[in-house]
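Have a look at the structure below, then the notes.
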Amino acid sequence: MRKMISIVVTCLCMALLTACSSEQATPEGTVTKAIKYLMEKDYQGYADLIQFKNADQLTKEQLEAKKTQVIAILQDKYTKQVESKGGIKSFDVQPAEIDGEQAKVKATITYNNDETKDQNFDLVKIDDKWMLDAGK
């Protein structure tokens, strides 16, 4: 019986890990994950989805400083903006327009005050993962 429980737990963990890692396999998956992080106020998770310009030339400390800046902006301005609309009620991610290693994804965000906003995301594929592109 113990062996059976151990096998089931192992299978569930593997399934969860596979599901989490596959979210960035498509541009739409990355945008969905990004919006969920925003809804959960997991700004570190959101910042981890960003590919910064010349990231391969930055030290670990410089990269973390850029992420810290993004987190501070989200905590200050984004949180106030979303809270003034009652929070995010739902969102709809449209199919991506993919051009090689680049993609554009449009998402429609509906707030709890029933206001909607179209948000465009630029993405770049790095090591088989789609990342939010901050390289402009």
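Letters for chains follow the order of the structure tokens (A, B, ...), residue numbers begin at 1 for each chain, and ligand numbers begin at 1 in the order shown.
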Contacts of Val31 (chain A) at 10 Å or less, counting only C-alpha atoms, minus same-chain residues fewer than 5 places along, as a ChimeraX atom specification? /A:23-24,26,36-37,46,49,93-94,96,104-107,120-123,130-132
Which residues, written as a list in words, have at least one atom at most 8 Å from Glu101 (chain A), with only C-alpha atoms counted and residues fewer than 4 positions away on the same chain left out?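 Selected residues are Val124, Lys125 and Ile126 of chain A.
Our summary of the geometry notes that CA of Lys85 (chain A) is positioned 5.5 Å from CA of Asn113 (chain A).
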Distance criterion (only C-alpha atoms): nearest to Gly45 (chain A) out of A:Ala25, A:Ala134, A:Ile71, A:Leu63: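 Between A:Ala25, A:Ala134, A:Ile71, A:Leu63, the residue approaching Gly45 (chain A) most closely is A:Ile71.
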What residues in region 27-118 of chain A get the DSSP label helix (DSSP H, G or I)? Please answer as a PyMOL selection string. chain A and resi 27-39+43-48+55-57+60-83
Would you mind writing down, as a VMD selection string, each residue of region 7-106 of chain A that DSSP on the backbone assigns to strand (DSSP E or B)? chain A and resid 50 to 52 88 to 93 97 to 99 102 to 106
Output for the residues just chosen: C-alpha atoms as a PDB file, in the first residue's frame:
ATOM      1  CA  ILE A  50      10.896  39.145 -18.598  1.00  0.00           C
ATOM      2  CA  GLN A  51      13.801  38.967 -21.039  1.00  0.00           C
ATOM      3  CA  PHE A  52      15.743  42.193 -20.593  1.00  0.00           C
ATOM      4  CA  ILE A  88      -9.128  41.868 -12.454  1.00  0.00           C
ATOM      5  CA  LYS A  89     -12.277  39.836 -13.016  1.00  0.00           C
ATOM      6  CA  SER A  90     -11.131  37.856 -16.052  1.00  0.00           C
ATOM      7  CA  PHE A  91      -8.938  37.916 -19.129  1.00  0.00           C
ATOM      8  CA  ASP A  92      -8.910  36.506 -22.639  1.00  0.00           C
ATOM      9  CA  VAL A  93      -5.662  35.773 -24.469  1.00  0.00           C
ATOM     10  CA  GLU A  97       1.221  36.245 -34.230  1.00  0.00           C
ATOM     11  CA  ILE A  98       4.551  34.422 -34.447  1.00  0.00           C
ATOM     12  CA  ASP A  99       7.439  35.517 -36.657  1.00  0.00           C
ATOM     13  CA  GLN A 102       9.400  36.869 -31.985  1.00  0.00           C
ATOM     14  CA  ALA A 103       5.690  36.922 -31.158  1.00  0.00           C
ATOM     15  CA  LYS A 104       2.912  39.374 -30.400  1.00  0.00           C
ATOM     16  CA  VAL A 105      -0.043  38.470 -28.219  1.00  0.00           C
ATOM     17  CA  LYS A 106      -3.113  40.561 -27.444  1.00  0.00           C
TER      18      LYS A 106
END
Would you mind reading off the distance between CA of Asp127 (chain A) and CA of Asp48 (chain A), one decimal, in Å?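 Between CA of Asp127 (chain A) and CA of Asp48 (chain A) the gap is 14.5 Å.
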